[in-house]
Amino acid sequence: FHDGKGGGVMGLSEGMGSGGRAAVDSSMVSGLLKRLIRAGFGFECSLKLINSAMMFKSSDESAATVDITAFDLFSGNTVFYKAGTPQTVIVKGKKIGRASCESYPAGILRDVKFDKSQTVCEKGDIIVMVSDGVTDADGEWLDSLLQNIKSLPAQQIAENIAQSASRRRSDGHEDDITVMVGIVQNDI
């Protein structure tokens with residue numbers, strides 16, 4: 001979505017665990033995050049509010065990852081905000097980079113912080129955000145796949161990644177595979 005201030009935001013959240021409760025947690029985090037950012041709250045403040053909501057929403061443990069890619073649509077500056085998430089893959093021509101995360105998901109600790117990294121994106125760069133179900137199966141296959149399918153539209157890249165991850169899974173949690181792909185379309 002557009003943040004209303006010249007920025008574009010991609011966000012992905014995965015509830016910890018499985019089933020309906022995990023789905024509710026990820027939906028709550030995604031929806032709340034979008035509303036907070038559009039209302040003008042910064043990313044760090046939004047994470048703190050989401051963390052508080054997760055900690056106090058029920059007596060049961062409740063946690064969810066928070067994965068954000070924020071683009072400055074004028075300069076191309078791209079910041080990755082990650083809390084409890086797998087790596088985000090950045091394809092820049094023939095090079096593949098990663099934004100990694102060592103922080104905890106929202107809802108576990110009172111004081112949660114984002115791991116942040118940044119790059120400048122240009123026309124043709126591809127951003128791939130995934131849930132842990134994609135990378136739980138040996139994740140090294142992803143680089144090779146991306147080099148072979150990077151000329152496809154974003155939706156087809158996402159579908160190819162999800163299908164390949166599903167074939168590699170042996171634990172039966174295919175609902176745990178989520179892929180979001182963005183491609184920079186215009187020169188900045």
# chains A, B, ... in the order shown; residues from 1 in each chain; ligands from 1
call {"tool": "closest_atom_pairs", "arguments": {"of": "range 81-106 of chain A", "to": "range 122-134 of chain A", "cutoff": "8 Å", "atoms": "only C-alpha atoms", "output": "JSON lines"}}
result
{"residue": "A:Thr85", "atom": "CA", "partner": "A:Ser131", "partner_atom": "CA", "distance": 7.2}
{"residue": "A:Pro86", "atom": "CA", "partner": "A:Asp132", "partner_atom": "CA", "distance": 5.7}
{"residue": "A:Gln87", "atom": "CA", "partner": "A:Met129", "partner_atom": "CA", "distance": 7.4}
{"residue": "A:Thr88", "atom": "CA", "partner": "A:Met129", "partner_atom": "CA", "distance": 4.9}
{"residue": "A:Val89", "atom": "CA", "partner": "A:Val128", "partner_atom": "CA", "distance": 5.0}
{"residue": "A:Ile90", "atom": "CA", "partner": "A:Ile127", "partner_atom": "CA", "distance": 4.8}
{"residue": "A:Val91", "atom": "CA", "partner": "A:Ile126", "partner_atom": "CA", "distance": 5.0}
{"residue": "A:Lys92", "atom": "CA", "partner": "A:Asp125", "partner_atom": "CA", "distance": 4.9}
{"residue": "A:Gly93", "atom": "CA", "partner": "A:Asp125", "partner_atom": "CA", "distance": 6.9}
call {"tool": "select_by_dssp", "arguments": {"residues": "range 43-145 of chain A", "states": "alpha helix (DSSP H)", "output": "PyMOL selection string"}}
result
chain A and resi 43-56+132-135+141-145
call {"tool": "closest_residue", "arguments": {"among": "A:Ile149, A:Ala83, A:Asp25, A:Gly8", "to": "Val112 in chain A", "atoms": "only C-alpha atoms"}}
result
A:Ala83
call {"tool": "select_by_dssp", "arguments": {"residues": "range 80-117 of chain A", "states": "strand (DSSP E)", "output": "list in words"}}
result
Phe80, Tyr81, Lys82, Ala83, Thr88, Val89, Ile90, Val91, Lys92, Lys95, Ile96, Gly97, Arg98, Ala99, Asp115, Lys116 and Ser117 of chain A
call {"tool": "residues_around", "arguments": {"residues": "range 60-72 of chain A", "least_positions_apart": "6", "cutoff": "7 Å", "atoms": "only C-alpha atoms", "output": "ChimeraX atom specification"}}
result
/A:6-16,25-26,54,78-85,105-108
call {"tool": "closest_residue", "arguments": {"among": "A:Ser166, A:Asp115, A:Ala158, A:Lys5", "to": "Gly42 in chain A", "atoms": "only C-alpha atoms"}}
result
A:Lys5
call {"tool": "residues_around", "arguments": {"residues": "Leu47 in chain A", "least_positions_apart": "2", "cutoff": "8 Å", "atoms": "only C-alpha atoms", "output": "PDB file with C-alpha atoms, in the first residue's frame"}}
result
ATOM      1  CA  LEU A  33       0.084  -2.344  11.093  1.00  0.00           C
ATOM      2  CA  PHE A  43       7.391   1.791  12.082  1.00  0.00           C
ATOM      3  CA  GLU A  44       9.058   1.506  15.504  1.00  0.00           C
ATOM      4  CA  CYS A  45       6.055   2.985  17.304  1.00  0.00           C
ATOM      5  CA  LEU A  49       1.737  -0.872  19.843  1.00  0.00           C
ATOM      6  CA  ILE A  50       1.332  -4.202  18.049  1.00  0.00           C
ATOM      7  CA  ASN A  51       3.540  -5.909  20.621  1.00  0.00           C
ATOM      8  CA  VAL A  66       6.346  -8.506  11.561  1.00  0.00           C
ATOM      9  CA  ALA A 106       5.824  -9.426  18.506  1.00  0.00           C
ATOM     10  CA  VAL A 112      10.625  -5.838  20.993  1.00  0.00           C
ATOM     11  CA  LYS A 113      12.768  -4.135  18.356  1.00  0.00           C
ATOM     12  CA  PHE A 114      13.148  -4.371  14.618  1.00  0.00           C
TER      13      PHE A 114
END
call {"tool": "atom_distance", "arguments": {"atom1": "CA of Lys116 in chain A", "atom2": "CA of Ile37 in chain A"}}
result
16.8 Å
